[in-house]
Structure formats: structure tokens, C-alpha cells
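Text of model-v7.cif (mmCIF, C-alpha atoms, pLDDT in the B column; chains and numbers go by the auth columns) as supplied:
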data_target
#
loop_
_atom_site.group_PDB
_atom_site.id
_atom_site.type_symbol
_atom_site.label_atom_id
_atom_site.label_comp_id
_atom_site.label_asym_id
_atom_site.label_seq_id
_atom_site.Cartn_x
_atom_site.Cartn_y
_atom_site.Cartn_z
_atom_site.B_iso_or_equiv
_atom_site.auth_seq_id
_atom_site.auth_asym_id
ATOM 1 C CA MET A 1 16.533 -14.044 31.609 62.00 1 A
ATOM 2 C CA SER A 2 18.427 -13.968 34.890 63.00 2 A
ATOM 3 C CA THR A 3 17.057 -12.196 37.957 67.00 3 A
ATOM 4 C CA HIS A 4 19.899 -9.670 37.716 56.00 4 A
ATOM 5 C CA ALA A 5 19.051 -8.911 34.077 65.00 5 A
ATOM 6 C CA ALA A 6 15.347 -8.565 34.939 67.00 6 A
ATOM 7 C CA ILE A 7 16.152 -6.086 37.732 69.00 7 A
ATOM 8 C CA HIS A 8 18.406 -4.077 35.406 86.00 8 A
ATOM 9 C CA LEU A 9 15.661 -4.020 32.749 86.00 9 A
ATOM 10 C CA ALA A 10 13.080 -2.826 35.296 89.00 10 A
ATOM 11 C CA GLU A 11 15.432 -0.074 36.523 93.00 11 A
ATOM 12 C CA LYS A 12 16.193 1.064 32.968 93.00 12 A
ATOM 13 C CA ASN A 13 12.483 1.157 32.124 92.00 13 A
ATOM 14 C CA LYS A 14 11.887 3.403 35.144 95.00 14 A
ATOM 15 C CA GLU A 15 14.574 5.792 33.875 95.00 15 A
ATOM 16 C CA LEU A 16 13.243 5.765 30.321 95.00 16 A
ATOM 17 C CA GLU A 17 9.661 6.526 31.437 94.00 17 A
ATOM 18 C CA LYS A 18 10.888 10.039 32.334 96.00 18 A
ATOM 19 C CA LEU A 19 12.185 10.743 28.819 96.00 19 A
ATOM 20 C CA THR A 20 10.432 11.980 25.699 95.00 20 A
ATOM 21 C CA PRO A 21 9.954 9.523 22.832 93.00 21 A
ATOM 22 C CA LYS A 22 12.736 11.205 20.850 95.00 22 A
ATOM 23 C CA GLU A 23 15.102 10.982 23.838 96.00 23 A
ATOM 24 C CA ILE A 24 14.283 7.279 24.193 96.00 24 A
ATOM 25 C CA ILE A 25 15.026 6.742 20.504 96.00 25 A
ATOM 26 C CA ALA A 26 18.329 8.633 20.807 97.00 26 A
ATOM 27 C CA TRP A 27 19.315 6.489 23.807 96.00 27 A
ATOM 28 C CA ALA A 28 18.418 3.289 21.926 96.00 28 A
ATOM 29 C CA VAL A 29 20.357 4.307 18.824 97.00 29 A
ATOM 30 C CA GLU A 30 23.395 5.296 20.896 96.00 30 A
ATOM 31 C CA THR A 31 23.206 2.080 22.920 95.00 31 A
ATOM 32 C CA TYR A 32 22.475 -0.465 20.194 95.00 32 A
ATOM 33 C CA SER A 33 23.808 0.887 16.873 95.00 33 A
ATOM 34 C CA PRO A 34 24.581 -0.461 14.408 96.00 34 A
ATOM 35 C CA HIS A 35 22.432 -3.461 15.393 96.00 35 A
ATOM 36 C CA ILE A 36 19.121 -1.618 15.556 97.00 36 A
ATOM 37 C CA GLY A 37 16.140 -1.464 13.219 97.00 37 A
ATOM 38 C CA MET A 38 12.492 -0.595 13.248 97.00 38 A
ATOM 39 C CA THR A 39 9.304 -2.029 11.820 95.00 39 A
ATOM 40 C CA SER A 40 6.482 -0.117 10.218 95.00 40 A
ATOM 41 C CA SER A 41 3.104 -1.052 8.801 93.00 41 A
ATOM 42 C CA PHE A 42 3.017 2.242 6.879 91.00 42 A
ATOM 43 C CA GLY A 43 -0.419 2.945 8.224 84.00 43 A
ATOM 44 C CA ALA A 44 -1.345 6.596 8.703 77.00 44 A
ATOM 45 C CA GLU A 45 -0.081 6.634 12.320 78.00 45 A
ATOM 46 C CA SER A 46 3.325 5.194 11.355 84.00 46 A
ATOM 47 C CA ILE A 47 4.728 8.475 10.098 89.00 47 A
ATOM 48 C CA ALA A 48 5.109 10.038 13.563 92.00 48 A
ATOM 49 C CA LEU A 49 7.444 7.285 14.777 94.00 49 A
ATOM 50 C CA ILE A 50 9.328 7.130 11.476 96.00 50 A
ATOM 51 C CA HIS A 51 9.813 10.899 11.584 96.00 51 A
ATOM 52 C CA MET A 52 11.257 10.800 15.109 96.00 52 A
ATOM 53 C CA VAL A 53 13.536 7.859 14.375 97.00 53 A
ATOM 54 C CA ILE A 54 15.023 9.229 11.136 97.00 54 A
ATOM 55 C CA GLN A 55 15.804 12.530 12.864 97.00 55 A
ATOM 56 C CA VAL A 56 18.110 10.516 15.117 97.00 56 A
ATOM 57 C CA LYS A 57 19.277 7.853 12.636 98.00 57 A
ATOM 58 C CA PRO A 58 18.369 8.696 9.016 97.00 58 A
ATOM 59 C CA ASP A 59 19.673 5.392 7.621 97.00 59 A
ATOM 60 C CA ILE A 60 17.956 3.050 10.083 98.00 60 A
ATOM 61 C CA PRO A 61 16.558 -0.054 8.408 98.00 61 A
ATOM 62 C CA VAL A 62 12.755 0.215 8.313 98.00 62 A
ATOM 63 C CA TYR A 63 11.375 -3.310 8.013 97.00 63 A
ATOM 64 C CA PHE A 64 8.078 -3.732 6.172 97.00 64 A
ATOM 65 C CA LEU A 65 6.225 -7.044 6.056 96.00 65 A
ATOM 66 C CA GLU A 66 5.487 -7.295 2.337 96.00 66 A
ATOM 67 C CA THR A 67 2.896 -10.054 2.500 95.00 67 A
ATOM 68 C CA GLY A 68 1.523 -9.546 -0.983 93.00 68 A
ATOM 69 C CA PHE A 69 -1.899 -8.847 0.531 93.00 69 A
ATOM 70 C CA HIS A 70 -1.648 -5.084 1.193 94.00 70 A
ATOM 71 C CA PHE A 71 -4.012 -2.479 -0.169 94.00 71 A
ATOM 72 C CA ALA A 72 -2.536 -0.522 -3.079 95.00 72 A
ATOM 73 C CA GLU A 73 -2.889 2.654 -0.995 94.00 73 A
ATOM 74 C CA THR A 74 -0.599 1.236 1.707 93.00 74 A
ATOM 75 C CA LEU A 75 2.105 0.426 -0.832 95.00 75 A
ATOM 76 C CA LYS A 76 1.725 3.836 -2.463 95.00 76 A
ATOM 77 C CA PHE A 77 2.059 5.544 0.930 93.00 77 A
ATOM 78 C CA ARG A 78 5.164 3.445 1.727 95.00 78 A
ATOM 79 C CA ASP A 79 6.740 4.367 -1.605 96.00 79 A
ATOM 80 C CA GLU A 80 5.903 8.070 -1.215 94.00 80 A
ATOM 81 C CA LEU A 81 7.477 8.142 2.248 94.00 81 A
ATOM 82 C CA LYS A 82 10.538 6.267 0.999 96.00 82 A
ATOM 83 C CA GLU A 83 11.047 8.852 -1.721 97.00 83 A
ATOM 84 C CA LYS A 84 10.274 11.910 0.410 95.00 84 A
ATOM 85 C CA TYR A 85 12.417 10.923 3.407 95.00 85 A
ATOM 86 C CA LYS A 86 14.998 8.704 1.649 97.00 86 A
ATOM 87 C CA LEU A 87 14.004 5.818 3.925 98.00 87 A
ATOM 88 C CA ASN A 88 16.083 2.662 4.096 98.00 88 A
ATOM 89 C CA ILE A 89 13.105 0.317 3.652 98.00 89 A
ATOM 90 C CA VAL A 90 13.733 -3.399 3.803 97.00 90 A
ATOM 91 C CA ASN A 91 10.790 -5.378 2.422 97.00 91 A
ATOM 92 C CA LEU A 92 10.394 -8.681 4.234 97.00 92 A
ATOM 93 C CA THR A 93 8.773 -11.491 2.294 97.00 93 A
ATOM 94 C CA CYS A 94 8.084 -15.130 2.937 96.00 94 A
ATOM 95 C CA ALA A 95 11.020 -17.376 2.128 95.00 95 A
ATOM 96 C CA GLN A 96 9.423 -18.823 -0.985 95.00 96 A
ATOM 97 C CA GLY A 97 8.118 -15.543 -2.422 93.00 97 A
ATOM 98 C CA HIS A 98 4.498 -14.486 -2.855 94.00 98 A
ATOM 99 C CA GLU A 99 3.797 -16.161 -6.196 95.00 99 A
ATOM 100 C CA ALA A 100 5.154 -19.526 -5.033 96.00 100 A
ATOM 101 C CA PHE A 101 3.204 -19.119 -1.782 96.00 101 A
ATOM 102 C CA LEU A 102 -0.054 -18.576 -3.700 95.00 102 A
ATOM 103 C CA LYS A 103 0.675 -21.521 -5.964 96.00 103 A
ATOM 104 C CA GLN A 104 1.306 -23.829 -3.005 96.00 104 A
ATOM 105 C CA TYR A 105 -1.318 -22.575 -0.534 96.00 105 A
ATOM 106 C CA GLY A 106 -3.940 -20.670 -2.536 94.00 106 A
ATOM 107 C CA GLN A 107 -6.275 -18.696 -0.270 92.00 107 A
ATOM 108 C CA LEU A 108 -4.628 -19.785 2.979 95.00 108 A
ATOM 109 C CA HIS A 109 -5.629 -16.521 4.675 92.00 109 A
ATOM 110 C CA GLN A 110 -9.242 -17.749 4.429 94.00 110 A
ATOM 111 C CA THR A 111 -8.713 -21.390 5.393 95.00 111 A
ATOM 112 C CA ASN A 112 -5.911 -21.115 7.972 96.00 112 A
ATOM 113 C CA PRO A 113 -5.153 -17.490 8.859 95.00 113 A
ATOM 114 C CA ASP A 114 -2.743 -18.451 11.648 96.00 114 A
ATOM 115 C CA LEU A 115 -0.531 -20.455 9.295 97.00 115 A
ATOM 116 C CA CYS A 116 -0.777 -17.709 6.682 97.00 116 A
ATOM 117 C CA CYS A 117 0.483 -15.149 9.223 96.00 117 A
ATOM 118 C CA GLU A 118 3.213 -17.502 10.416 97.00 118 A
ATOM 119 C CA ILE A 119 4.551 -17.891 6.869 97.00 119 A
ATOM 120 C CA ASN A 120 4.083 -14.288 5.685 97.00 120 A
ATOM 121 C CA LYS A 121 4.695 -12.263 8.846 96.00 121 A
ATOM 122 C CA VAL A 122 6.180 -14.158 11.777 96.00 122 A
ATOM 123 C CA GLU A 123 8.910 -16.094 9.962 97.00 123 A
ATOM 124 C CA PRO A 124 10.171 -13.153 7.835 97.00 124 A
ATOM 125 C CA LEU A 125 10.222 -10.880 10.885 95.00 125 A
ATOM 126 C CA LYS A 126 12.143 -13.425 12.967 95.00 126 A
ATOM 127 C CA ARG A 127 14.699 -13.669 10.165 95.00 127 A
ATOM 128 C CA ALA A 128 15.086 -9.888 10.005 94.00 128 A
ATOM 129 C CA ILE A 129 15.436 -9.204 13.713 93.00 129 A
ATOM 130 C CA SER A 130 17.637 -12.198 14.484 92.00 130 A
ATOM 131 C CA GLY A 131 20.781 -10.110 13.955 88.00 131 A
ATOM 132 C CA LEU A 132 19.532 -7.068 15.866 94.00 132 A
ATOM 133 C CA ARG A 133 20.202 -6.069 19.445 94.00 133 A
ATOM 134 C CA ALA A 134 17.224 -3.681 19.456 94.00 134 A
ATOM 135 C CA TRP A 135 14.018 -3.396 17.486 93.00 135 A
ATOM 136 C CA ILE A 136 11.823 -0.281 17.529 95.00 136 A
ATOM 137 C CA THR A 137 8.100 -0.913 17.108 91.00 137 A
ATOM 138 C CA GLY A 138 5.029 1.271 17.106 86.00 138 A
ATOM 139 C CA ILE A 139 3.161 -0.643 19.800 83.00 139 A
ATOM 140 C CA ARG A 140 1.021 1.772 21.795 82.00 140 A
ATOM 141 C CA ARG A 141 -0.313 1.122 25.263 84.00 141 A
ATOM 142 C CA ASP A 142 -3.698 2.612 24.408 87.00 142 A
ATOM 143 C CA GLN A 143 -4.329 0.227 21.487 84.00 143 A
ATOM 144 C CA ALA A 144 -5.527 -2.785 23.475 86.00 144 A
ATOM 145 C CA ASN A 145 -5.848 -4.151 26.999 90.00 145 A
ATOM 146 C CA THR A 146 -3.100 -6.661 26.172 87.00 146 A
ATOM 147 C CA ARG A 147 -0.726 -3.755 25.491 86.00 147 A
ATOM 148 C CA ARG A 148 -1.646 -1.596 28.483 89.00 148 A
ATOM 149 C CA ASN A 149 1.307 -2.773 30.583 88.00 149 A
ATOM 150 C CA VAL A 150 3.949 -3.006 27.859 89.00 150 A
ATOM 151 C CA HIS A 151 7.318 -1.589 28.871 89.00 151 A
ATOM 152 C CA ILE A 152 9.569 0.650 26.808 89.00 152 A
ATOM 153 C CA LEU A 153 12.196 -2.077 26.856 90.00 153 A
ATOM 154 C CA GLU A 154 11.123 -5.670 26.538 87.00 154 A
ATOM 155 C CA ASN A 155 13.371 -8.704 26.354 83.00 155 A
ATOM 156 C CA TYR A 156 12.497 -10.519 23.148 73.00 156 A
ATOM 157 C CA GLN A 157 12.536 -14.271 23.457 64.00 157 A
ATOM 158 C CA GLU A 158 11.431 -16.594 20.710 58.00 158 A
ATOM 159 C CA GLY A 159 8.939 -19.127 21.741 46.00 159 A
#

Here is the file; what I need is its structure written in the form of C-alpha cells.
Amino acid sequence: MSTHAAIHLAEKNKELEKLTPKEIIAWAVETYSPHIGMTSSFGAESIALIHMVIQVKPDIPVYFLETGFHFAETLKFRDELKEKYKLNIVNLTCAQGHEAFLKQYGQLHQTNPDLCCEINKVEPLKRAISGLRAWITGIRRDQANTRRNVHILENYQEG
């Protein structure tokens, strides 16, 4: 990223810090539509962000990493929310599909969890967001020390 772009990003983040979450979402949708999407784990805390986003853009693609390893309750919650709010859920799977993955790798999550995540999470997500200009996530600053200094806008760079 150029120095000019970095300065612009820092200035925009300063402006956005003064807005409410819903105002930030509205700005992002106005700025980046139609090339905007969001991810959700469909954990209990996910509904607040989903609710705010669909008030602004009801048809936003909601990307879900369908790894094949979720608890049944998570999938049930996802499906209930999809039905209730008419969500545009896009299930992301590994390129080869879950059954073929299990046949080839077996219990990879036990023997090589990093490779398992690369195949089932990282690669499908990269594919999904490659055509987007903006991606809304539920990262919270209070979740971990590594997230404490995250900015509202971050420049995504593969690597």
C-alpha cells in the first residue's frame, strides 16, 4: 500500500471512530456495493452484527465456512436465522467437498490442524472475498490482545 493510501486509510478510520456501528455499516454499503459481503460463524454473538447489516442491506451475502465439522446446534441456528430473516447465506466449502476431504485426509484436524484449517477455512474464504471490495467481519477489539488495535478499515493483503 502506498504512503498516500495509508494516510487516507488512517484519516478515514479517525472519521469512522465517531460513528455508530450501524452508521459505519451504512457508509460501507454505500461506498462498496455491490461488491460487499460479510462473514458469520453463526455463534450466539453473531446475530447482533447480522441484524444491523441486514437493516441496511437485506440481501448482503453472508458467508459461512461450512467445514463439515460444526456442531448440529450451530447449523440449526444458522438455518433458523436464514428462515426468520431471509438471509442470503453462501456456504463456503473446501474445493473438493467434505466427503472427498475426509476420504483423502481422514482426521486431519487431529494430525495437522493448520493444514486442515487452510483447506477448510482459509482457501474457501479467499475464494469468496477475492471479488469483493469490502468484507464485514465480527472481529471485536475486546476478544484478544492481538485484536486490541484493529482498525475499522483494514487493507486486506494476501500473504

Which residues, named as in the file, does the PyMOL selection byres ((chain A and resi 116) around 12) pick out? Answer as an MDAnalysis selection string.
chainID A and resid 67:69 94 98 101:102 104:115 117:124

Residue among A:Ile152, A:Ile47, A:Ile25, A:Ile139 lying closest to Leu87 (chain A), counting all atoms listed in the file:
A:Ile47

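Residues surrounding region 51-65 of chain A within 8 Å are A:Pro21, A:Lys22, A:Ile25, A:Ala26, A:Val29, A:Ile36, A:Gly37, A:Met38, A:Thr39, A:Ser40, A:Ser41, A:Phe42, A:Ile47, A:Ala48, A:Leu49, A:Thr67, A:Leu87, A:Asn88, A:Ile89, A:Val90, A:Asn91, A:Leu92, A:Thr93, A:Asn120, A:Lys121, A:Pro124, A:Leu125, A:Ala128 [only C-alpha atoms; sequence separation below 2 positions excluded].
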
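Closest to Arg127 (chain A) among A:Ala95, A:Ala28, A:Ala10, A:Leu153 is A:Ala95, based on all atoms listed in the file.
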
Atomic distance CA of Pro34 (chain A) - CA of Glu80 (chain A), expressed in Å with one decimal
25.8 Å

Between CA of Asn149 (chain A) and CA of Lys14 (chain A), what distance in Å does the model show, to one decimal?
13.1 Å

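Here CA of Leu16 (chain A) stands at a distance of 9.6 Å from CA of His151 (chain A).
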
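Across A:Glu23, A:Glu11, A:Glu45, A:Glu30, the tightest approach to Gly138 (chain A) is made by A:Glu45 when counting only C-alpha atoms.
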
Env of Thr74 (chain A): 9 Å cut, atoms = only C-alpha atoms, seq-sep filter 3 positions within chain, self excluded. Answer as a PyMOL selection string.
chain A and resi 41-44+70-71+77-79

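If you measure from each of A:Glu66, A:Asp142, A:Glu154, A:Glu15 to Gly97 (chain A) using only C-alpha atoms, the closest one turns out to be A:Glu66.
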
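Distances from A:Thr146, A:His35, A:Asn155, A:Tyr85 to His8 (chain A) were compared using only C-alpha atoms, and the smallest one belongs to A:Asn155.
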